[in-house]
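Content type CSV, C-alpha atoms and all ligand atoms, from the file coords-v1.csv:
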```csv
chain,number,residue,atom,x,y,z
A,1,MET,CA,31.3,43.4,75.4
A,2,LEU,CA,29.9,40.1,76.3
A,3,ILE,CA,31.7,36.8,77.0
A,4,LYS,CA,30.8,34.5,74.1
A,5,VAL,CA,28.8,31.7,75.6
A,6,PRO,CA,28.3,28.7,73.2
A,7,GLN,CA,24.6,28.5,72.3
A,8,LYS,CA,24.1,24.8,73.1
A,9,ASN,CA,25.3,25.5,76.6
A,10,THR,CA,22.9,28.3,77.3
A,11,PRO,CA,20.2,27.3,79.8
A,12,ALA,CA,16.5,27.2,79.0
A,13,PRO,CA,14.9,30.6,79.5
A,14,SER,CA,13.1,29.8,82.7
A,15,GLU,CA,16.1,28.0,84.2
A,16,ILE,CA,18.5,29.7,86.6
A,17,ALA,CA,21.8,28.0,87.1
A,18,SER,CA,22.8,26.9,90.5
A,19,GLU,CA,26.2,28.0,91.8
A,20,THR,CA,27.9,24.7,90.8
A,21,GLU,CA,26.4,24.8,87.4
A,22,TYR,CA,27.6,28.3,87.0
A,23,GLN,CA,31.1,27.3,88.1
A,24,ASN,CA,31.1,24.3,85.8
A,25,ARG,CA,29.9,26.4,82.8
A,26,ARG,CA,32.6,28.9,83.5
A,27,SER,CA,35.3,26.3,83.5
A,28,PHE,CA,33.8,24.8,80.4
A,29,ILE,CA,33.9,28.2,78.7
A,30,ARG,CA,37.5,28.6,79.8
A,31,SER,CA,38.4,25.1,78.5
A,32,MET,CA,36.8,25.9,75.2
A,33,GLY,CA,39.0,28.9,74.9
A,34,PHE,CA,36.1,31.4,75.2
A,35,VAL,CA,38.0,33.6,77.7
A,36,GLY,CA,36.8,37.0,78.6
A,37,ALA,CA,37.4,39.6,76.0
A,38,SER,CA,39.3,41.7,78.5
A,39,ALA,CA,41.9,38.8,78.8
A,40,LEU,CA,42.1,38.7,75.0
A,41,LEU,CA,42.6,42.4,74.5
A,42,GLY,CA,44.5,43.1,77.7
A,43,GLY,CA,43.2,45.0,80.7
A,44,THR,CA,42.5,48.7,80.2
A,45,ALA,CA,43.2,48.8,76.5
A,46,CYS,CA,39.9,47.0,76.2
A,47,ALA,CA,37.9,49.5,78.1
A,48,GLN,CA,39.3,52.4,76.1
A,49,GLU,CA,39.2,50.8,72.6
A,50,ASN,CA,35.8,49.2,72.9
A,51,PRO,CA,33.8,51.1,75.5
A,52,PRO,CA,30.8,49.3,76.8
A,53,GLU,CA,28.5,52.1,75.6
A,54,THR,CA,29.1,50.9,72.0
A,55,ARG,CA,27.3,47.6,72.6
A,56,SER,CA,23.9,47.8,71.0
A,57,LEU,CA,21.0,46.2,73.0
A,58,GLY,CA,18.8,45.2,70.0
A,59,PRO,CA,15.1,45.4,69.8
A,60,LEU,CA,13.4,46.9,72.9
A,61,LEU,CA,9.9,46.7,74.2
A,62,LYS,CA,8.3,50.1,74.7
A,63,SER,CA,7.0,50.5,78.2
A,64,GLN,CA,3.6,51.8,79.2
A,65,TYR,CA,5.3,53.5,82.2
A,66,SER,CA,7.3,56.0,80.1
A,67,THR,CA,6.8,59.7,80.7
A,68,ASN,CA,6.2,61.8,77.6
A,69,GLN,CA,8.6,64.6,78.8
A,70,THR,CA,11.5,65.5,76.6
A,71,GLU,CA,14.5,63.3,77.1
A,72,ASN,CA,17.9,64.7,78.1
A,73,SER,CA,20.7,64.3,75.7
A,74,TYR,CA,23.2,61.4,75.7
A,75,THR,CA,25.8,64.0,76.7
A,76,ASP,CA,23.8,65.3,79.7
A,77,ILE,CA,23.1,61.8,80.8
A,78,THR,CA,26.7,60.5,80.6
A,79,GLN,CA,28.7,63.6,81.6
A,80,TYR,CA,26.7,65.0,84.6
A,81,ASN,CA,26.7,62.2,87.1
A,82,ASN,CA,26.8,61.2,90.7
A,83,PHE,CA,29.0,58.2,91.3
A,84,TYR,CA,31.3,58.8,94.3
A,85,GLU,CA,33.4,55.7,93.5
A,86,PHE,CA,34.9,57.9,90.7
A,87,GLY,CA,35.0,61.2,92.6
A,88,THR,CA,32.6,63.7,94.0
A,89,SER,CA,32.1,66.2,91.2
A,90,LYS,CA,29.7,65.8,88.4
A,91,GLU,CA,32.3,65.4,85.7
A,92,ASP,CA,34.4,62.9,87.7
A,93,PRO,CA,32.5,59.7,86.8
A,94,TYR,CA,32.8,60.5,83.0
A,95,GLU,CA,36.5,61.4,83.4
A,96,ASN,CA,37.6,58.7,85.9
A,97,SER,CA,35.7,55.6,85.0
A,98,GLY,CA,37.7,54.4,82.0
A,99,GLN,CA,39.7,51.8,83.9
A,100,PHE,CA,36.5,50.1,85.2
A,101,GLN,CA,35.9,46.6,83.8
A,102,PRO,CA,32.2,45.8,83.9
A,103,MET,CA,32.5,42.4,82.2
A,104,PRO,CA,32.7,39.6,83.1
A,105,TRP,CA,30.3,40.3,86.0
A,106,SER,CA,28.6,38.3,88.6
A,107,VAL,CA,26.0,39.0,91.3
A,108,ARG,CA,25.8,37.3,94.7
A,109,ILE,CA,22.3,36.5,95.8
A,110,GLU,CA,22.0,35.9,99.5
A,111,GLY,CA,19.6,35.8,102.5
A,112,ALA,CA,16.0,34.7,102.8
A,113,ALA,CA,15.4,33.0,99.4
A,114,ASP,CA,15.3,29.4,98.2
A,115,ILE,CA,17.8,30.0,95.5
A,116,THR,CA,21.0,31.8,96.5
A,117,GLY,CA,24.6,31.9,95.2
A,118,ASP,CA,26.7,33.6,92.5
A,119,PHE,CA,25.2,34.2,89.1
A,120,SER,CA,26.7,35.7,86.0
A,121,TYR,CA,25.3,38.9,84.4
A,122,GLU,CA,24.1,36.6,81.6
A,123,ASP,CA,22.3,34.3,84.1
A,124,ILE,CA,20.6,37.3,85.8
A,125,ILE,CA,19.2,38.9,82.6
A,126,GLN,CA,18.9,35.9,80.3
A,127,SER,CA,15.3,35.1,80.1
A,128,HIS,CA,13.9,38.6,80.3
A,129,ALA,CA,12.8,41.0,77.5
A,130,LEU,CA,14.5,44.4,77.6
A,131,GLU,CA,12.2,47.4,77.9
A,132,GLU,CA,12.8,51.0,77.2
A,133,ARG,CA,11.4,53.2,80.0
A,134,ILE,CA,11.7,56.9,79.9
A,135,TYR,CA,11.7,58.0,83.5
A,136,ARG,CA,12.0,61.4,85.3
A,137,MET,CA,14.9,61.2,87.7
A,138,ARG,CA,15.2,63.6,90.7
A,139,CYS,CA,18.4,64.0,92.6
A,140,VAL,CA,18.3,65.1,96.3
A,141,GLU,CA,20.4,68.0,95.2
A,142,ALA,CA,17.3,69.6,93.5
A,143,TRP,CA,18.1,68.9,89.9
A,144,SER,CA,16.4,66.4,87.5
A,145,MET,CA,16.7,64.7,84.2
A,146,VAL,CA,14.5,62.6,81.9
A,147,ILE,CA,16.4,59.4,81.0
A,148,PRO,CA,15.5,56.6,78.6
A,149,TRP,CA,16.6,53.5,80.6
A,150,VAL,CA,16.7,50.0,79.2
A,151,GLY,CA,16.0,47.5,81.8
A,152,ILE,CA,13.9,44.7,83.3
A,153,PRO,CA,11.4,45.0,86.1
A,154,LEU,CA,13.4,44.0,89.2
A,155,GLY,CA,10.5,42.0,90.7
A,156,ASP,CA,10.5,39.7,87.7
A,157,ILE,CA,14.2,38.9,88.4
A,158,LEU,CA,13.8,38.6,92.2
A,159,LYS,CA,10.9,36.2,91.9
A,160,ARG,CA,13.1,33.6,90.2
A,161,PHE,CA,15.1,33.3,93.4
A,162,LYS,CA,12.0,32.4,95.4
A,163,PRO,CA,12.2,34.8,98.3
A,164,THR,CA,10.8,33.3,101.5
A,165,SER,CA,8.2,34.9,103.8
A,166,ASN,CA,11.1,36.3,105.9
A,167,ALA,CA,12.1,38.5,103.0
A,168,LYS,CA,10.8,41.9,104.2
A,169,TYR,CA,13.5,44.0,102.6
A,170,VAL,CA,16.0,43.8,99.8
A,171,SER,CA,19.6,45.0,100.2
A,172,PHE,CA,22.0,46.0,97.4
A,173,GLU,CA,25.7,46.6,97.3
A,174,THR,CA,28.0,48.1,94.7
A,175,VAL,CA,31.3,46.4,93.8
A,176,TYR,CA,34.4,47.3,95.9
A,177,ARG,CA,37.3,47.7,93.5
A,178,PRO,CA,39.6,50.5,94.6
A,179,SER,CA,42.1,49.6,91.9
A,180,GLU,CA,39.5,50.5,89.2
A,181,MET,CA,37.5,53.0,91.2
A,182,PRO,CA,39.8,55.9,92.4
A,183,GLY,CA,37.2,57.4,94.7
A,184,GLN,CA,37.2,54.2,96.8
A,185,ARG,CA,40.9,54.8,97.7
A,186,ARG,CA,39.7,57.5,100.0
A,187,PRO,CA,37.2,57.3,102.9
A,188,ILE,CA,34.6,59.6,101.3
A,189,LEU,CA,31.8,57.1,102.1
A,190,ASP,CA,31.8,53.9,104.0
A,191,TRP,CA,32.5,51.6,101.0
A,192,PRO,CA,31.0,49.6,99.5
A,193,TYR,CA,28.0,51.8,98.7
A,194,ARG,CA,24.8,50.1,100.0
A,195,GLU,CA,21.1,50.6,99.5
A,196,GLY,CA,17.9,49.0,100.4
A,197,LEU,CA,14.2,48.8,99.6
A,198,THR,CA,11.2,47.2,101.2
A,199,ILE,CA,10.2,44.0,99.4
A,200,GLU,CA,7.0,45.8,98.2
A,201,GLU,CA,9.1,48.6,96.7
A,202,ALA,CA,11.5,46.2,95.1
A,203,MET,CA,8.6,44.2,93.6
A,204,HIS,CA,6.8,47.3,92.3
A,205,PRO,CA,6.5,47.3,88.5
A,206,LEU,CA,8.1,50.8,88.3
A,207,THR,CA,11.4,49.5,89.9
A,208,ILE,CA,13.8,48.3,87.3
A,209,LEU,CA,17.2,46.8,87.1
A,210,ALA,CA,18.7,48.8,84.3
A,211,VAL,CA,21.3,47.5,81.8
A,212,GLY,CA,21.4,50.4,79.4
A,213,ILE,CA,20.5,54.0,78.3
A,214,PHE,CA,18.9,54.8,74.9
A,215,ASP,CA,19.6,51.6,72.9
A,216,LYS,CA,23.1,50.9,74.3
A,217,SER,CA,24.5,49.1,77.3
A,218,LEU,CA,25.3,51.3,80.4
A,219,PRO,CA,28.4,53.4,80.2
A,220,ASN,CA,30.6,52.9,83.3
A,221,GLN,CA,29.7,56.3,84.7
A,222,ASN,CA,26.0,55.4,84.7
A,223,GLY,CA,26.5,52.2,86.7
A,224,ALA,CA,27.6,49.4,84.3
A,225,PRO,CA,26.7,46.7,84.0
A,226,LEU,CA,23.6,46.6,86.3
A,227,ARG,CA,22.0,49.3,88.4
A,228,LEU,CA,18.8,50.0,90.1
A,229,VAL,CA,16.3,52.7,89.0
A,230,VAL,CA,13.5,53.7,91.4
A,231,PRO,CA,11.9,56.7,89.8
A,232,TRP,CA,9.8,57.9,92.7
A,233,LYS,CA,12.7,58.2,95.1
A,234,TYR,CA,15.7,60.5,95.2
A,235,GLY,CA,18.5,59.4,92.9
A,236,PHE,CA,20.8,58.1,95.7
A,237,LYS,CA,18.5,55.0,96.1
A,238,SER,CA,19.3,54.0,92.5
A,239,ILE,CA,22.5,52.2,93.3
A,240,LYS,CA,25.0,51.5,90.5
A,241,SER,CA,27.2,48.6,89.5
A,242,ILE,CA,25.4,46.1,91.8
A,243,ASN,CA,27.2,42.8,92.7
A,244,LYS,CA,25.2,41.8,95.7
A,245,ILE,CA,21.5,41.5,96.4
A,246,GLY,CA,20.2,40.2,99.7
A,247,PHE,CA,16.8,39.3,101.1
A,248,THR,CA,16.5,40.4,104.7
A,249,GLU,CA,14.0,40.4,107.6
A,250,THR,CA,15.1,43.8,109.0
A,251,PRO,CA,15.8,47.1,107.2
A,252,PRO,CA,19.3,47.0,105.7
A,253,ALA,CA,21.8,49.7,106.5
A,254,THR,CA,22.2,52.2,103.7
A,255,THR,CA,25.3,54.3,102.9
A,256,TRP,CA,23.7,57.8,102.9
A,257,ASN,CA,21.5,57.1,106.0
A,258,ASP,CA,24.6,56.0,107.9
A,259,ALA,CA,26.6,59.0,106.7
A,260,GLY,CA,23.8,61.6,107.6
A,261,PRO,CA,20.8,60.1,109.3
A,262,ASN,CA,19.1,63.6,109.6
A,263,GLU,CA,19.6,64.3,105.9
A,264,TYR,CA,19.0,61.0,104.2
A,265,GLY,CA,16.2,58.7,105.3
A,266,PHE,CA,15.6,55.1,104.4
A,267,TYR,CA,12.6,55.8,102.3
A,268,ALA,CA,13.9,58.9,100.4
A,269,ASN,CA,10.6,59.3,98.5
A,270,VAL,CA,10.7,62.5,96.4
A,271,ASN,CA,8.5,64.9,98.5
A,272,PRO,CA,8.3,68.6,97.9
A,273,GLU,CA,6.8,69.1,101.4
A,274,VAL,CA,9.8,67.6,103.3
A,275,ASP,CA,12.9,69.8,102.9
A,276,HIS,CA,16.4,68.5,103.1
A,277,PRO,CA,17.7,70.2,106.4
A,278,ARG,CA,20.0,72.4,104.3
A,279,TRP,CA,17.8,73.3,101.3
A,280,SER,CA,14.3,73.2,100.0
A,281,GLN,CA,13.0,70.3,98.0
A,282,ALA,CA,10.0,72.2,96.6
A,283,ARG,CA,11.5,73.0,93.2
A,284,GLU,CA,14.0,71.5,90.8
A,285,ARG,CA,16.3,72.5,87.9
A,286,ARG,CA,16.0,70.4,84.8
A,287,ILE,CA,19.6,69.7,83.6
A,288,GLY,CA,20.3,70.7,80.0
A,289,GLY,CA,18.3,73.9,80.0
A,290,SER,CA,19.8,77.4,80.6
A,291,LEU,CA,21.0,78.2,84.0
A,292,PHE,CA,18.5,81.1,83.9
A,293,ASP,CA,15.5,78.8,83.2
A,294,ALA,CA,13.0,79.0,86.0
A,295,LYS,CA,13.0,76.0,88.3
A,296,GLN,CA,9.9,73.8,88.0
A,297,PRO,CA,7.8,72.6,91.0
A,298,THR,CA,8.8,69.2,92.2
A,299,LEU,CA,5.9,66.7,92.2
A,300,MET,CA,5.0,64.3,95.1
A,301,PHE,CA,6.7,61.0,94.5
A,302,ASN,CA,8.4,62.6,91.5
A,303,GLY,CA,5.1,62.5,89.6
A,304,TYR,CA,4.5,58.8,90.2
A,305,ALA,CA,2.0,59.2,93.0
A,306,ASP,CA,-0.9,57.4,91.2
A,307,GLU,CA,1.3,54.3,91.0
A,308,VAL,CA,3.0,54.3,94.4
A,309,ALA,CA,1.2,56.4,97.0
A,310,SER,CA,-0.7,53.3,98.2
A,311,LEU,CA,2.6,51.7,99.3
A,312,TYR,CA,2.8,54.3,102.0
A,313,SER,CA,-0.9,54.6,103.2
A,314,GLY,CA,-0.9,55.1,106.9
A,315,LEU,CA,2.8,56.0,107.1
A,316,ASP,CA,3.8,59.5,108.4
A,317,LEU,CA,6.0,60.8,105.5
A,318,GLN,CA,7.4,63.7,107.6
A,319,ARG,CA,8.9,61.2,110.0
A,320,ASN,CA,9.6,58.4,107.5
A,321,PHE,CA,11.5,60.7,105.0
B,401,LIG,N1,27.3,53.1,93.8
B,401,LIG,C1,26.8,54.3,93.7
B,401,LIG,N2,25.6,54.4,93.2
B,401,LIG,C2,25.0,55.7,93.1
B,401,LIG,C3,25.7,56.8,93.5
B,401,LIG,C4,27.0,56.7,94.0
B,401,LIG,O1,27.7,57.6,94.4
B,401,LIG,N3,27.5,55.4,94.1
B,401,LIG,N4,25.1,58.1,93.4
B,401,LIG,C5,23.6,58.1,93.4
B,401,LIG,C6,23.0,59.4,93.1
B,401,LIG,S1,23.1,60.5,94.3
B,401,LIG,C7,22.4,59.7,92.0
B,401,LIG,S2,21.6,61.2,91.7
B,401,LIG,C8,22.3,58.7,90.8
B,401,LIG,C9,22.8,59.3,89.6
B,401,LIG,O2,22.7,58.4,88.5
B,401,LIG,P1,23.2,58.9,87.0
B,401,LIG,O3,24.6,59.4,87.2
B,401,LIG,O4,23.1,57.7,86.1
B,401,LIG,O5,22.2,60.0,86.5
B,401,LIG,O6,23.1,57.5,91.1
B,401,LIG,C10,23.0,57.0,92.4
B,401,LIG,N5,23.7,55.8,92.6
B,402,MO,MO,21.5,62.2,93.8
```

Before anything else, please render the file you have as structure tokens.
Ligand SMILES: Nc1nc2c(c(=O)[nH]1)N[C@H]1C(S)=C(S)[C@@H](COP(=O)(O)O)O[C@H]1N2
Ligand SMILES: [Mo]
Amino acid sequence: MLIKVPQKNTPAPSEIASETEYQNRRSFIRSMGFVGASALLGGTACAQENPPETRSLGPLLKSQYSTNQTENSYTDITQYNNFYEFGTSKEDPYENSGQFQPMPWSVRIEGAADITGDFSYEDIIQSHALEERIYRMRCVEAWSMVIPWVGIPLGDILKRFKPTSNAKYVSFETVYRPSEMPGQRRPILDWPYREGLTIEEAMHPLTILAVGIFDKSLPNQNGAPLRLVVPWKYGFKSIKSINKIGFTETPPATTWNDAGPNEYGFYANVNPEVDHPRWSQARERRIGGSLFDAKQPTLMFNGYADEVASLYSGLDLQRNF
């Protein structure tokens, strides 16, 4: 659900509100009685009676970047997940994310950019057309899916903040809310979950900030309300429920690289020739088929080599895994 923002108070499409404007608008909205729907309906009852996946996203642009492979089902995509904030098994995110409140939402933009501060979900996505992009997704655990994401090219959003020439990397953080995310009550990972990209990767047209799947807003277990999707990298780079984005000069720390530097590199490009130290990365199992289906060969850069290989020319991909 969205907070109802009065039309005449909505900024012009190209405009991005400053922090003070944002605060003013929020207090204006409050004074008008347009309080968050969660306050109207009361806490968790809202999440259960009106789950965010029921919100339709309206007309979508079809993207030239879509794969023509068969999509996984809504059930596969929403009930077989990795989202350690809700537990470590694949069913946990579906089962344990009902208390999570993705709206209202804001994202803090910080670091080497002319425009920084706190911006609402609506401010972040407001002026952008939503595209449907059917992407192959490959998890480091050697399974894959084909998912119809709804999103916005991340670069189009980042440019509005005017990153400076010192912005060599982009860092991302997931919200820290142990009261709503039961996995965060235990030190499974060093919370909050963190990820990072080079600025070139972040600006690449294949990288999107996703807000939905099929034609609906993101269910909690898939990273509501905003998550990254970087289809040529292992799934762990596609960080969910983002509430902080930073422009940095040096490579940002990332959760999985900190947890296991020999197993999870900063780049994490899908590469059938570089094995995970504990298993092969040469083949993958497509979720949704029979367990007896043959695994299929994994493609370099997850099949996106034509688009992204040039980002890594001259880089030793065995060392920079
Ligand atoms: N915050 C956060 N983001 C995360 C994860 C996580 O545990 N926490 N898991 C990652 C991993 S390992 C994968 S494979 C994808 C899974 O996305 P999906 O469940 O929407 O398919 O999310 C990634 N993003
Ligand atoms: Mo993953």

May I have the centre and edge lengths, in Å to one decimal, of an axis-aligned box around the listed atoms of range 268-284 of chain A with 4 Å added to every side, as lines of an AutoDock Vina configuration file?
```
center_x = 13.4
center_y = 66.1
center_z = 98.6
size_x = 21.2
size_y = 22.4
size_z = 23.6
```

Report as JSON lines: every residue of chain A with an atom at most 6 Å from ligand MO 402 (chain B), its closest pair of atoms, and their distance in Å to one decimal, counting only C-alpha atoms and all ligand atoms, with rows sorted by chain and ascending residue number.
```
{"residue": "A:Cys139", "atom": "CA", "partner": "B:MO402", "partner_atom": "MO", "distance": 3.8}
{"residue": "A:Val140", "atom": "CA", "partner": "B:MO402", "partner_atom": "MO", "distance": 5.0}
{"residue": "A:Gly235", "atom": "CA", "partner": "B:MO402", "partner_atom": "MO", "distance": 4.2}
{"residue": "A:Phe236", "atom": "CA", "partner": "B:MO402", "partner_atom": "MO", "distance": 4.6}
```

- Task: Using all atoms listed in the file, give me every residue within 8 Å of (16.1, 41.9, 108.5) in file coordinates, as an MDAnalysis selection string.
- Result: chainID A and resid 166:169 247:252

- Query: Pick the closest to ligand LIG 401 (chain B) from A:Phe172, A:Tyr80, A:Trp279, A:Phe119: which is it, counting all atoms listed in the file?
  - Reply: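 Of A:Phe172, A:Tyr80, A:Trp279, A:Phe119, the one nearest ligand LIG 401 (chain B) is A:Tyr80, counting all atoms listed in the file.
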
- Query: So how far away is CA of Ser310 in chain A from CA of Ile109 in chain A, in Å?
  - Reply: 28.6 Å

List all protein, DNA and RNA residues that have at least one atom no more than 6 Å from any atom of ligand LIG 401 (chain B), counting all atoms listed in the file, and write them as a tab-separated table (two decimals) with C-alpha atoms, in the frame of the given file.
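The file below, selection-v4.tsv, is the result:
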```
chain	number	residue	atom	x	y	z
A	81	ASN	CA	26.70	62.20	87.10
A	82	ASN	CA	26.80	61.20	90.70
A	83	PHE	CA	29.00	58.20	91.30
A	84	TYR	CA	31.30	58.80	94.30
A	85	GLU	CA	33.40	55.70	93.50
A	139	CYS	CA	18.40	64.00	92.60
A	174	THR	CA	28.00	48.10	94.70
A	193	TYR	CA	28.00	51.80	98.70
A	222	ASN	CA	26.00	55.40	84.70
A	235	GLY	CA	18.50	59.40	92.90
A	236	PHE	CA	20.80	58.10	95.70
A	238	SER	CA	19.30	54.00	92.50
A	239	ILE	CA	22.50	52.20	93.30
A	240	LYS	CA	25.00	51.50	90.50
```

- Message: Distance cut-off 12 Å, centre (19.1, 69.9, 104.0) in file coordinates, counting all atoms listed in the file: which residues qualify? Return them as a PyMOL selection string.
- Response: chain A and resi 140-142+260-265+274-282+321

- Find, counting all atoms listed in the file, the residue in A:Ile125, A:Ser97, A:Ser144, A:Asp258 that gets nearest to Gln69 in chain A.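 Smallest distance to Gln69 in chain A is found for A:Ser144.
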
- Message: Excluding Asn243 in chain A and its own-chain neighbours fewer than 5 positions away, which residues fall within 9 Å of it when counting only C-alpha atoms? Please give them as JSON, numbers by chain.
- Response: {"A": [105, 106, 107, 108, 109, 172, 173, 174, 175, 226]}

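We find CA of Leu197 in chain A and CA of Tyr267 in chain A to be spaced 7.7 Å apart.
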
- Could you state the separation of CA of Val229 in chain A and CA of Met145 in chain A in Å, given to one decimal place? 12.9 Å

- Item | Residue nearest Pro148 in chain A - candidates A:Lys62, A:Arg194, A:Arg185, A:Lys233, atoms counted: all atoms listed in the file | A:Lys62

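Distance annotation: of A:His128, A:Arg186, A:Arg133, A:Arg319, the residue with the minimal separation from Ile213 in chain A is A:Arg133; atom set is all atoms listed in the file.
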
- Name the closest residue to Arg285 in chain A among the candidates A:Gln184, A:Thr67, A:Thr298, A:Ser179; distances are taken between atoms, counting only C-alpha atoms.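 Among A:Gln184, A:Thr67, A:Thr298, A:Ser179, it is A:Thr298 that comes nearest to Arg285 in chain A.
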
So that each row is one residue of range 151-229 of chain A with an atom at most 8 Å from range 112-115 of chain A, can you give its shortest atom pair and the distance in Å to one decimal, using only C-alpha atoms, rows by chain and rising number, as CSV?
```
residue,atom,partner,partner_atom,distance
A:Arg160,CA,A:Ile115,CA,7.9
A:Phe161,CA,A:Ile115,CA,4.8
A:Lys162,CA,A:Asp114,CA,5.3
A:Pro163,CA,A:Ala113,CA,3.8
A:Thr164,CA,A:Ala113,CA,5.1
A:Ser165,CA,A:Ala112,CA,7.9
A:Asn166,CA,A:Ala112,CA,6.0
A:Ala167,CA,A:Ala112,CA,5.4
```

Can you write just those residues out, C-alpha atoms, as a PDB file, in the coordinates of the input?
```pdb
ATOM      1  CA  ARG A 160      13.100  33.600  90.200  1.00  0.00           C
ATOM      2  CA  PHE A 161      15.100  33.300  93.400  1.00  0.00           C
ATOM      3  CA  LYS A 162      12.000  32.400  95.400  1.00  0.00           C
ATOM      4  CA  PRO A 163      12.200  34.800  98.300  1.00  0.00           C
ATOM      5  CA  THR A 164      10.800  33.300 101.500  1.00  0.00           C
ATOM      6  CA  SER A 165       8.200  34.900 103.800  1.00  0.00           C
ATOM      7  CA  ASN A 166      11.100  36.300 105.900  1.00  0.00           C
ATOM      8  CA  ALA A 167      12.100  38.500 103.000  1.00  0.00           C
TER       9      ALA A 167
END
```

- Message: My list of candidates is A:Met137, A:Ile208, A:Ile157, A:Met103. Which is closest to Val270 in chain A when distances are computed with all atoms listed in the file?
- Response: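 Distance minimum relative to Val270 in chain A lands on A:Met137.
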